[in-house]
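With compact mmCIF, C-alpha atoms inside, this is protein-v4.txt:
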# COMPACT_ATOMS: atom_id res chain seq x y z
CA MET A 1 -64.44 56.88 -28.71
CA GLY A 2 -62.01 55.56 -31.35
CA GLU A 3 -60.41 57.42 -34.24
CA LYS A 4 -61.44 60.92 -35.22
CA TYR A 5 -60.26 62.54 -38.47
CA ILE A 6 -59.73 66.31 -38.44
CA LYS A 7 -57.49 68.74 -40.30
CA ASN A 8 -56.11 70.86 -37.44
CA LEU A 9 -55.66 69.93 -33.79
CA ILE A 10 -54.47 72.37 -31.12
CA ILE A 11 -53.00 70.92 -27.93
CA GLY A 12 -53.47 73.25 -24.95
CA ALA A 13 -56.08 75.92 -24.15
CA GLY A 14 -53.75 78.40 -22.53
CA PRO A 15 -52.88 81.73 -24.20
CA ALA A 16 -50.78 80.01 -26.89
CA GLY A 17 -53.56 77.65 -27.94
CA LEU A 18 -56.16 80.41 -27.75
CA ALA A 19 -54.07 82.69 -29.99
CA VAL A 20 -53.87 80.07 -32.73
CA ALA A 21 -57.56 79.19 -32.33
CA GLY A 22 -58.54 82.86 -32.60
CA ARG A 23 -56.54 83.32 -35.79
CA LEU A 24 -57.91 80.11 -37.33
CA ARG A 25 -61.47 81.14 -36.46
CA LYS A 26 -60.89 84.55 -38.04
CA LYS A 27 -59.83 82.83 -41.28
CA GLU A 28 -62.74 80.39 -41.03
CA ILE A 29 -60.37 77.40 -40.86
CA SER A 30 -61.77 74.46 -38.90
CA PHE A 31 -59.95 73.08 -35.85
CA GLU A 32 -60.42 71.24 -32.60
CA ILE A 33 -58.60 71.91 -29.36
CA VAL A 34 -57.82 69.61 -26.42
CA GLU A 35 -56.99 70.67 -22.88
CA GLN A 36 -55.79 68.34 -20.14
CA THR A 37 -57.44 70.35 -17.33
CA ASP A 38 -61.05 71.48 -16.93
CA THR A 39 -60.29 75.20 -17.31
CA ILE A 40 -59.32 77.74 -19.97
CA ALA A 41 -55.81 79.07 -19.19
CA TRP A 42 -55.53 76.86 -16.09
CA SER A 43 -52.10 78.15 -15.07
CA TRP A 44 -53.26 81.76 -14.93
CA HIS A 45 -56.03 80.77 -12.54
CA HIS A 46 -53.47 79.19 -10.21
CA HIS A 47 -50.39 81.44 -10.25
CA TYR A 48 -49.47 83.31 -7.07
CA ASP A 49 -51.87 86.03 -5.95
CA ARG A 50 -49.75 89.16 -6.47
CA LEU A 51 -48.60 88.29 -9.99
CA LEU A 52 -48.96 91.01 -12.61
CA LEU A 53 -47.81 90.86 -16.21
CA HIS A 54 -44.31 92.29 -16.47
CA THR A 55 -45.07 93.44 -20.01
CA VAL A 56 -47.38 96.32 -20.91
CA LYS A 57 -50.96 95.47 -21.84
CA GLU A 58 -50.75 97.05 -25.30
CA LEU A 59 -48.09 94.47 -26.24
CA SER A 60 -49.55 91.49 -24.36
CA HIS A 61 -53.05 90.85 -25.71
CA LEU A 62 -54.08 87.98 -27.99
CA PRO A 63 -54.88 88.47 -31.70
CA TYR A 64 -57.94 90.60 -32.64
CA LEU A 65 -59.03 91.37 -29.07
CA GLU A 66 -57.26 94.02 -26.99
CA PHE A 67 -57.58 94.23 -23.22
CA PRO A 68 -60.48 96.31 -21.88
CA GLU A 69 -59.55 99.98 -21.45
CA VAL A 70 -60.28 99.77 -17.72
CA TYR A 71 -57.51 97.19 -17.24
CA PRO A 72 -54.33 98.65 -15.72
CA ARG A 73 -51.16 98.86 -17.81
CA TYR A 74 -49.71 95.80 -16.06
CA VAL A 75 -52.59 93.32 -16.00
CA PRO A 76 -53.06 91.34 -12.75
CA ARG A 77 -53.33 87.56 -12.82
CA ALA A 78 -57.04 87.37 -11.97
CA LYS A 79 -58.05 89.87 -14.66
CA LEU A 80 -55.87 88.06 -17.18
CA ALA A 81 -57.65 84.77 -16.43
CA VAL A 82 -61.01 86.47 -17.03
CA TYR A 83 -59.73 87.95 -20.31
CA TYR A 84 -58.71 84.50 -21.57
CA GLU A 85 -62.12 83.06 -20.72
CA ASP A 86 -63.78 85.97 -22.51
CA TYR A 87 -61.50 85.42 -25.50
CA ALA A 88 -62.62 81.80 -25.76
CA LYS A 89 -66.28 82.89 -25.69
CA TYR A 90 -65.70 85.67 -28.23
CA PHE A 91 -64.17 83.26 -30.76
CA ASP A 92 -66.40 80.32 -29.80
CA ILE A 93 -63.42 78.21 -28.74
CA ARG A 94 -64.70 75.04 -27.08
CA PRO A 95 -61.92 72.73 -25.91
CA HIS A 96 -62.27 69.03 -25.21
CA PHE A 97 -61.54 69.39 -21.48
CA ASN A 98 -59.86 66.72 -19.33
CA THR A 99 -58.23 65.36 -22.47
CA ALA A 100 -54.51 64.79 -22.09
CA VAL A 101 -52.30 63.94 -25.03
CA GLN A 102 -50.20 60.87 -24.27
CA HIS A 103 -48.41 60.19 -27.54
CA ILE A 104 -47.94 61.74 -30.98
CA LYS A 105 -46.46 59.86 -33.91
CA LYS A 106 -46.29 60.17 -37.69
CA GLN A 107 -48.32 57.71 -39.73
CA GLY A 108 -47.89 58.25 -43.47
CA ASP A 109 -48.96 61.78 -44.33
CA TYR A 110 -50.85 62.23 -41.06
CA TRP A 111 -50.18 62.55 -37.34
CA GLN A 112 -51.74 60.20 -34.83
CA VAL A 113 -52.51 61.86 -31.51
CA PHE A 114 -53.39 59.42 -28.72
CA THR A 115 -55.25 60.74 -25.67
CA ASN A 116 -56.15 59.52 -22.19
CA ASN A 117 -59.84 58.99 -23.03
CA ASP A 118 -59.30 56.44 -25.80
CA THR A 119 -59.82 58.99 -28.59
CA THR A 120 -57.13 58.99 -31.28
CA PHE A 121 -57.08 62.06 -33.51
CA ILE A 122 -55.85 61.52 -37.07
CA THR A 123 -54.82 64.95 -38.29
CA GLU A 124 -52.81 66.77 -40.91
CA ASN A 125 -51.60 69.56 -38.61
CA VAL A 126 -50.84 69.41 -34.90
CA ILE A 127 -50.28 72.73 -33.10
CA VAL A 128 -48.44 72.09 -29.84
CA ALA A 129 -49.28 74.88 -27.39
CA THR A 130 -48.14 73.21 -24.16
CA GLY A 131 -45.47 75.87 -23.57
CA VAL A 132 -41.98 76.06 -22.14
CA ASN A 133 -43.41 76.04 -18.60
CA ARG A 134 -45.09 72.64 -18.80
CA VAL A 135 -43.18 70.60 -16.20
CA PRO A 136 -41.72 72.09 -12.98
CA TYR A 137 -37.97 71.49 -12.72
CA VAL A 138 -37.21 70.02 -9.27
CA PRO A 139 -33.47 69.49 -8.65
CA GLU A 140 -32.24 67.31 -5.81
CA TRP A 141 -29.46 67.78 -3.27
CA LYS A 142 -27.64 65.43 -0.97
CA GLY A 143 -29.21 65.26 2.47
CA GLN A 144 -32.53 66.86 1.57
CA GLU A 145 -34.42 63.84 2.90
CA ASP A 146 -33.02 64.74 6.35
CA PHE A 147 -34.27 68.34 6.21
CA GLU A 148 -36.96 68.94 8.83
CA GLY A 149 -38.59 71.85 7.01
CA THR A 150 -40.65 71.98 3.83
CA ILE A 151 -39.46 72.01 0.20
CA THR A 152 -41.98 73.13 -2.42
CA HIS A 153 -41.81 74.33 -6.02
CA SER A 154 -42.83 77.91 -6.79
CA ARG A 155 -45.76 76.60 -8.86
CA THR A 156 -47.59 75.84 -5.59
CA TYR A 157 -46.85 79.24 -4.01
CA LYS A 158 -49.96 81.42 -3.59
CA ASN A 159 -49.21 84.02 -0.90
CA THR A 160 -47.34 84.60 2.35
CA LYS A 161 -49.92 83.16 4.78
CA SER A 162 -48.23 79.82 5.40
CA TYR A 163 -44.80 81.43 5.78
CA LYS A 164 -45.50 83.82 8.64
CA GLY A 165 -42.81 83.57 11.31
CA LYS A 166 -40.64 81.26 9.20
CA ARG A 167 -37.15 81.60 7.76
CA VAL A 168 -37.55 81.08 4.03
CA LEU A 169 -34.90 80.22 1.44
CA ILE A 170 -35.74 80.77 -2.22
CA ILE A 171 -33.53 78.86 -4.63
CA GLY A 172 -33.19 80.73 -7.90
CA MET A 173 -33.52 84.40 -8.79
CA GLY A 174 -35.37 84.50 -12.04
CA ASN A 175 -38.49 86.63 -12.31
CA THR A 176 -40.54 84.28 -10.15
CA GLY A 177 -37.92 83.92 -7.41
CA ALA A 178 -37.30 87.67 -7.30
CA GLU A 179 -41.00 88.49 -7.04
CA ILE A 180 -41.81 85.86 -4.41
CA ALA A 181 -38.86 87.11 -2.36
CA LEU A 182 -40.27 90.64 -2.60
CA ASP A 183 -43.72 89.41 -1.60
CA LEU A 184 -42.30 87.74 1.51
CA SER A 185 -40.07 90.69 2.38
CA GLU A 186 -42.88 93.21 2.07
CA ASN A 187 -44.79 91.11 4.59
CA ASN A 188 -41.86 91.12 7.06
CA ILE A 189 -40.91 87.49 6.54
CA ASP A 190 -37.26 86.46 6.89
CA VAL A 191 -36.15 85.62 3.35
CA THR A 192 -32.89 84.66 1.62
CA ILE A 193 -32.32 84.01 -2.09
CA SER A 194 -29.74 81.48 -3.29
CA VAL A 195 -28.07 82.76 -6.48
CA ARG A 196 -25.46 80.66 -8.25
CA SER A 197 -24.89 82.42 -11.60
CA SER A 198 -24.63 85.94 -12.96
CA LEU A 199 -27.88 87.78 -13.61
CA LEU A 200 -29.07 90.46 -15.94
CA ILE A 201 -31.52 92.70 -14.09
CA VAL A 202 -33.70 95.31 -15.77
CA PRO A 203 -36.01 97.82 -14.04
CA ARG A 204 -39.62 97.48 -15.14
CA ASP A 205 -40.10 101.25 -15.22
CA ILE A 206 -37.88 104.31 -15.15
CA ARG A 207 -39.61 107.46 -13.90
CA GLY A 208 -42.98 105.96 -14.61
CA ARG A 209 -42.21 104.94 -18.20
CA PRO A 210 -42.13 101.22 -19.06
CA VAL A 211 -38.64 100.08 -20.02
CA GLN A 212 -40.21 97.69 -22.54
CA LEU A 213 -41.50 100.62 -24.62
CA THR A 214 -38.19 102.46 -24.37
CA ALA A 215 -36.30 99.32 -25.40
CA LYS A 216 -38.42 98.94 -28.54
CA LYS A 217 -37.39 102.45 -29.60
CA LEU A 218 -33.72 101.80 -28.78
CA GLU A 219 -33.80 98.68 -30.99
CA LYS A 220 -34.17 100.95 -34.01
CA LEU A 221 -30.88 102.76 -33.38
CA PRO A 222 -28.04 101.72 -35.75
CA PHE A 223 -24.67 100.09 -34.98
CA GLY A 224 -25.87 98.41 -31.77
CA LEU A 225 -26.18 101.82 -30.12
CA GLY A 226 -29.50 100.89 -28.53
CA ARG A 227 -28.00 97.90 -26.72
CA TRP A 228 -25.14 100.07 -25.47
CA VAL A 229 -27.53 102.72 -24.14
CA GLY A 230 -29.60 100.01 -22.44
CA THR A 231 -26.50 98.61 -20.74
CA GLN A 232 -25.47 102.05 -19.43
CA VAL A 233 -28.97 102.72 -18.08
CA ARG A 234 -28.99 99.36 -16.25
CA LYS A 235 -25.60 100.11 -14.72
CA TYR A 236 -26.92 103.44 -13.45
CA ILE A 237 -30.29 102.22 -12.14
CA ILE A 238 -29.39 98.75 -10.83
CA GLY A 239 -25.76 99.42 -9.94
CA ASP A 240 -23.03 97.06 -8.78
CA LEU A 241 -24.57 94.31 -6.65
CA SER A 242 -21.39 92.31 -6.05
CA THR A 243 -21.27 93.64 -2.47
CA TYR A 244 -24.61 91.93 -1.88
CA GLY A 245 -23.55 88.62 -3.45
CA ILE A 246 -24.93 89.09 -6.96
CA SER A 247 -22.78 89.10 -10.08
CA ILE A 248 -24.29 91.16 -12.90
CA SER A 249 -23.85 89.93 -16.47
CA LYS A 250 -21.65 92.18 -18.58
CA GLU A 251 -23.56 91.25 -21.75
CA ASP A 252 -26.44 93.17 -23.25
CA ALA A 253 -29.90 91.66 -22.77
CA VAL A 254 -30.09 89.94 -26.17
CA THR A 255 -26.63 88.35 -25.92
CA HIS A 256 -27.26 87.23 -22.33
CA LEU A 257 -30.51 85.58 -23.40
CA LYS A 258 -28.89 83.71 -26.28
CA GLN A 259 -25.91 82.56 -24.22
CA THR A 260 -27.81 81.40 -21.14
CA GLY A 261 -31.37 80.80 -22.35
CA LYS A 262 -32.51 82.96 -19.43
CA THR A 263 -34.64 86.06 -19.78
CA PRO A 264 -33.61 89.21 -17.86
CA VAL A 265 -34.99 89.64 -14.36
CA ILE A 266 -37.58 92.43 -14.43
CA ASP A 267 -37.08 94.27 -11.14
CA LEU A 268 -40.21 95.36 -9.29
CA GLY A 269 -38.42 96.40 -6.09
CA THR A 270 -36.42 93.32 -5.13
CA VAL A 271 -33.08 95.10 -5.71
CA LYS A 272 -34.09 97.91 -3.33
CA HIS A 273 -34.96 95.38 -0.63
CA ILE A 274 -31.62 93.61 -1.17
CA LYS A 275 -29.73 96.90 -0.82
CA GLU A 276 -31.70 97.70 2.34
CA GLY A 277 -30.84 94.30 3.84
CA LYS A 278 -34.46 93.14 3.90
CA ILE A 279 -33.65 90.31 1.47
CA ARG A 280 -30.36 88.46 1.95
CA VAL A 281 -28.44 86.76 -0.85
CA ALA A 282 -26.63 83.44 -0.46
CA GLY A 283 -24.46 81.45 -2.84
CA ASP A 284 -24.95 78.02 -4.34
CA ILE A 285 -26.09 75.12 -2.15
CA ASP A 286 -23.86 72.12 -1.49
CA HIS A 287 -26.20 69.99 0.62
CA PHE A 288 -29.04 69.97 3.13
CA TYR A 289 -28.94 68.96 6.78
CA GLU A 290 -31.69 68.66 9.40
CA LYS A 291 -31.98 72.37 10.18
CA GLY A 292 -31.15 73.92 6.83
CA VAL A 293 -28.52 74.02 4.09
CA VAL A 294 -24.76 74.19 3.77
CA LEU A 295 -23.47 76.40 0.95
CA LYS A 296 -20.52 75.65 -1.33
CA ASP A 297 -18.37 77.95 0.84
CA ASN A 298 -19.33 75.86 3.94
CA THR A 299 -21.63 78.56 5.34
CA GLN A 300 -24.58 77.04 7.23
CA LEU A 301 -28.05 78.55 6.95
CA GLU A 302 -30.79 77.56 9.38
CA ILE A 303 -34.14 77.71 7.59
CA ASP A 304 -37.71 76.46 7.96
CA ALA A 305 -38.97 76.42 4.38
CA VAL A 306 -37.51 76.20 0.87
CA ILE A 307 -39.23 77.46 -2.27
CA LEU A 308 -37.73 76.16 -5.50
CA ALA A 309 -37.86 78.95 -8.09
CA THR A 310 -35.91 76.68 -10.40
CA GLY A 311 -38.13 77.07 -13.45
CA TYR A 312 -39.72 74.60 -15.82
CA ARG A 313 -39.00 72.34 -18.75
CA ALA A 314 -41.00 71.95 -21.98
CA ARG A 315 -40.32 68.18 -22.30
CA VAL A 316 -42.23 67.70 -25.54
CA GLU A 317 -40.08 64.60 -26.05
CA GLU A 318 -42.25 62.92 -23.40
CA PHE A 319 -45.19 62.76 -25.82
CA ILE A 320 -43.75 63.32 -29.33
CA GLU A 321 -42.16 60.21 -30.82
CA ASN A 322 -38.57 60.62 -32.06
CA THR A 323 -37.59 64.26 -31.55
CA ASN A 324 -34.07 63.91 -32.97
CA GLY A 325 -33.30 67.16 -34.77
CA LEU A 326 -36.40 68.90 -33.45
CA LEU A 327 -35.06 70.48 -30.25
CA ASP A 328 -32.29 72.93 -29.38
CA GLN A 329 -29.79 72.75 -26.50
CA TYR A 330 -32.45 73.92 -24.04
CA GLY A 331 -34.91 71.21 -25.05
CA VAL A 332 -37.32 73.49 -26.92
CA PRO A 333 -38.36 73.28 -30.59
CA ILE A 334 -35.93 75.02 -32.94
CA SER A 335 -38.70 76.60 -35.02
CA PRO A 336 -42.45 77.27 -34.76
CA VAL A 337 -42.87 75.38 -38.04
CA GLY A 338 -41.72 71.76 -38.20
CA GLN A 339 -39.55 70.85 -41.18
CA GLU A 340 -38.95 67.63 -43.14
CA ALA A 341 -39.85 64.67 -40.88
CA PHE A 342 -41.74 67.08 -38.61
CA GLN A 343 -43.81 68.75 -41.33
CA GLY A 344 -47.32 69.30 -40.00
CA LEU A 345 -46.09 69.88 -36.45
CA TYR A 346 -46.25 73.46 -35.17
CA PHE A 347 -45.05 74.97 -31.90
CA VAL A 348 -46.38 78.21 -30.44
CA GLY A 349 -44.84 80.08 -27.51
CA PHE A 350 -41.58 78.12 -27.26
CA ASP A 351 -39.10 80.70 -28.61
CA ASN A 352 -36.73 81.30 -25.73
CA TYR A 353 -34.51 83.84 -27.45
CA LYS A 354 -36.68 86.91 -27.91
CA LEU A 355 -37.05 89.79 -25.51
CA GLY A 356 -40.50 91.23 -24.94
CA GLY A 357 -42.13 88.42 -23.02
CA ILE A 358 -43.76 85.10 -23.84
CA LEU A 359 -47.07 86.75 -24.80
CA GLY A 360 -45.34 88.76 -27.53
CA THR A 361 -43.79 85.53 -28.79
CA ILE A 362 -47.20 83.84 -28.77
CA PHE A 363 -48.73 86.69 -30.78
CA ASN A 364 -46.03 86.45 -33.46
CA ASP A 365 -45.74 82.64 -33.52
CA SER A 366 -49.48 82.21 -33.90
CA LYS A 367 -49.45 84.42 -37.02
CA THR A 368 -46.50 82.50 -38.51
CA ILE A 369 -48.25 79.18 -37.91
CA VAL A 370 -51.68 80.15 -39.19
CA ASP A 371 -50.18 81.82 -42.27
CA GLU A 372 -48.35 78.57 -42.99
CA ILE A 373 -51.46 76.44 -42.44
CA SER A 374 -53.55 78.74 -44.67
CA LYS A 375 -51.23 78.06 -47.62
Output the file's structure in the form of C-alpha cells.
Amino acid sequence: MGEKYIKNLIIGAGPAGLAVAGRLRKKEISFEIVEQTDTIAWSWHHHYDRLLLHTVKELSHLPYLEFPEVYPRYVPRAKLAVYYEDYAKYFDIRPHFNTAVQHIKKQGDYWQVFTNNDTTFITENVIVATGVNRVPYVPEWKGQEDFEGTITHSRTYKNTKSYKGKRVLIIGMGNTGAEIALDLSENNIDVTISVRSSLLIVPRDIRGRPVQLTAKKLEKLPFGLGRWVGTQVRKYIIGDLSTYGISISKEDAVTHLKQTGKTPVIDLGTVKHIKEGKIRVAGDIDHFYEKGVVLKDNTQLEIDAVILATGYRARVEEFIENTNGLLDQYGVPISPVGQEAFQGLYFVGFDNYKLGGILGTIFNDSKTIVDEISK
C-alpha cells in the first residue's frame, strides 16, 4: 500500500465512470478507476425488478458502443447491467474493487485521494463519477418511532412480494415513487402516494412514439414555440389532476426543472390508475402514530408499510475538502470542469438541469471532461 502516483483517477465504476474510462481508452490516455463495491454498475444490479430506462436506447448508450439491436427500445434493468459489464470488458476497464474514497484534498499542483485500504493516490486529475444518487435521503417525522409498521427507502424495494395484503404509503411522487406505486397497484395491493408539491408529468409515449424524440424536434422550433406545444400536449394527455389531489405545474418542463431541481415525472400508467381510483393520493404528512400517519389537514391514514421515494443526495462535500464555491443550491457541482481552486477536479453525471435523462448528461459530460483532459 502507500502512495501511488498516476495522472488520471476515476472514482466510481457506474455508467458515469465507465463513459469517461471508455473515452480515455479510445484516446489512449492512461487512467485508473476505483469502485467502492465489488461490481461494475452496482446500482443497476440492485434496482427494483420492473425498472426500464425511461429514455430511448438510441439516446442512452455509452460512448462508442451502442446497445445490441435485439435490446428493446426501453432497456430493462437486467439487460442494462449486462451491457455495462460488457462495456468494461470491451474497453478493458479494470476497477480497483472494494476501494472507497474517504477524503480528497489539494496538495500543491496535485490531488491527494485517500482510500479505505491505505492506498493514497497522488494525481493530477480526479474524475468524480459518484453521481447525484449517491446517498438516500431519509427525512424524519415526529412520532415515527411509535409506528408499528415498516419504513424503508425505495433503494431497497425490489418487487411486490413482501407487500401482499398490506396497505402501503409511498412518500414522494417522482419517477421512482410513481413507478413503484404502479407496480403495487398492478398487483392489486392497496397503495396511496403522499404528494406535497406541484408536479410536472409527461407521458413516455404518445400513440406509440416516444415523447423524448418528439421533444428533441420541438426544441428546434423558434420563439419558444416548442415548449408551448409541449405544454398543450401535456394538458391534453395528462389533464387536470386537481380533483385527485395533484397540482400540475404551470411551467414548461425546462423552467420547472430549473426552478425546482426536479425532473418531470415520466408517466408509464400511474396517472390512469389514479384516475381509476386504483392509486389514491394524499397530501403532506404531519406526523406518524402507531397505526399510520396524520396528514397536515388532520386526516388519519391507517397503513402497514411506508416506502420513502424521497430521492438522493450527491454529498460530495463528505469526501472533498473545502467545497466552498463548488456546489449549487441543490448541493451538486456547478460545472463538470472544476475552476480555479478546483482545477483538476471533474464531475460527470451531476447536471441536474437538462432534460433527456441522466445517461444523456453522462454522454455529454464525459466528452467535455476528456476533451479538457486531452488538452
For this session: Tell me which protein, DNA and RNA residues are within 8 Å of Tyr84 of chain A, counting all atoms listed in the file, leaving out same-chain ones fewer than 4 positions away, and put them as number ranges by chain.
Result: A: 14-15, 18, 40-41, 80, 88
For this session: Mind giving me the straight-line distance from atom CA of Leu326 of chain A to atom CA of Lys106 of chain A in Å, one decimal?
Result: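 These atoms are spaced 13.9 Å apart.
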Enumerate, as a PDB file with C-alpha atoms, in the coordinates of the input, the protein, DNA and RNA residues whose atoms approach (-35.5, 77.9, 7.5) to within 8 Å, taking into account all atoms listed in the file and the coordinate frame of the file.
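File produced: result04.pdb:
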ATOM      1  CA  GLY A 149     -38.590  71.850   7.010  1.00  0.00           C
ATOM      2  CA  LYS A 166     -40.640  81.260   9.200  1.00  0.00           C
ATOM      3  CA  ARG A 167     -37.150  81.600   7.760  1.00  0.00           C
ATOM      4  CA  VAL A 168     -37.550  81.080   4.030  1.00  0.00           C
ATOM      5  CA  LEU A 169     -34.900  80.220   1.440  1.00  0.00           C
ATOM      6  CA  LYS A 291     -31.980  72.370  10.180  1.00  0.00           C
ATOM      7  CA  GLY A 292     -31.150  73.920   6.830  1.00  0.00           C
ATOM      8  CA  LEU A 301     -28.050  78.550   6.950  1.00  0.00           C
ATOM      9  CA  GLU A 302     -30.790  77.560   9.380  1.00  0.00           C
ATOM     10  CA  ILE A 303     -34.140  77.710   7.590  1.00  0.00           C
ATOM     11  CA  ASP A 304     -37.710  76.460   7.960  1.00  0.00           C
ATOM     12  CA  ALA A 305     -38.970  76.420   4.380  1.00  0.00           C
ATOM     13  CA  VAL A 306     -37.510  76.200   0.870  1.00  0.00           C
TER      14      VAL A 306
END
Problem set entry | Polymer residues at most 6 Å from Leu200 of chain A, all atoms listed in the file, same-chain spacing of 2 or more positions, as a PyMOL selection string | chain A and resi 248-249+264
Exercise. Any idea what's packed within 10 Å of Ser197 of chain A, counting all atoms listed in the file, ignoring anything in its chain fewer than 6 positions away? Could you give it as a list in words?
Worked result: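 Residues near the query, excluding close chain neighbours: Gly172, Met173, Ile246, Ser247, Ile248, Ser249, Gly283 and Asp284 of chain A.
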Exercise. Which distance in Å separates atom CA of Leu295 of chain A and atom CA of Glu251 of chain A, to one decimal?
Worked result: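 Interatomic distance here is 27.1 Å.
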For this session: Return the single residue from A:Leu51, A:Val191, A:Ala19, A:Val128 that is closest to Ile320 of chain A, with distances computed using only C-alpha atoms.
Result: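 Of the candidates, the smallest distance to Ile320 of chain A is held by A:Val128.
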Problem set entry | Test item: residues at most 7 Å from Ser185 of chain A, only C-alpha atoms, excluding those fewer than 4 positions along its chain, as a PyMOL selection string | chain A and resi 181+189-191+278-279
For this session: Identify which of the residues A:Pro203, A:Val316, A:Ile127, A:Thr192 lies closest to His54 of chain A, counting all atoms listed in the file when measuring atom-to-atom distances.
Result: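 Of A:Pro203, A:Val316, A:Ile127, A:Thr192, the one nearest His54 of chain A, counting all atoms listed in the file, is A:Pro203.
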For this session: Work out how far apart atom CA of Asn322 of chain A and atom CA of Ile104 of chain A are and give it in Å to one decimal.
Result: 9.5 Å
For this session: Select, from A:Glu317, A:Glu340, A:Glu290, A:Asp371, the residue with the minimum atom-to-atom distance to Asp146 of chain A, counting all atoms listed in the file.
Result: A:Glu290
Problem set entry | Surrounding residues of Arg204 of chain A excluding itself and chain neighbours under 6 positions, 7 Å, all atoms listed in the file, as a ChimeraX atom specification | /A:210-211,266-268
Exercise. Given the choices A:Leu52, A:Ile93, A:Val70, A:Leu62, which gets closest to Asn175 of chain A if the distance is worked out from all atoms listed in the file?
Worked result: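 Comparing A:Leu52, A:Ile93, A:Val70, A:Leu62 against Asn175 of chain A, the winner is A:Leu52.
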Exercise. Which is closest to Glu85 of chain A among A:Phe319, A:Trp42, A:Phe363, A:Tyr157, if we use all atoms listed in the file?
Worked result: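 Closest to Glu85 of chain A of all the choices is A:Trp42.
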For this session: Considering all atoms listed in the file, state which residue in the set A:Leu53, A:Ile151, A:Ile334, A:Ile10 is at the smallest distance from Val138 of chain A.
Result: A:Ile151
Please report, as lines of an AutoDock Vina configuration file, the centre and edge lengths in Å to one decimal of an axis-aligned box covering all listed atoms of segment 48-64 of chain A with 6 Å per side.
center_x = -51.1
center_y = 90.2
center_z = -19.3
size_x = 25.6
size_y = 25.7
size_z = 38.7
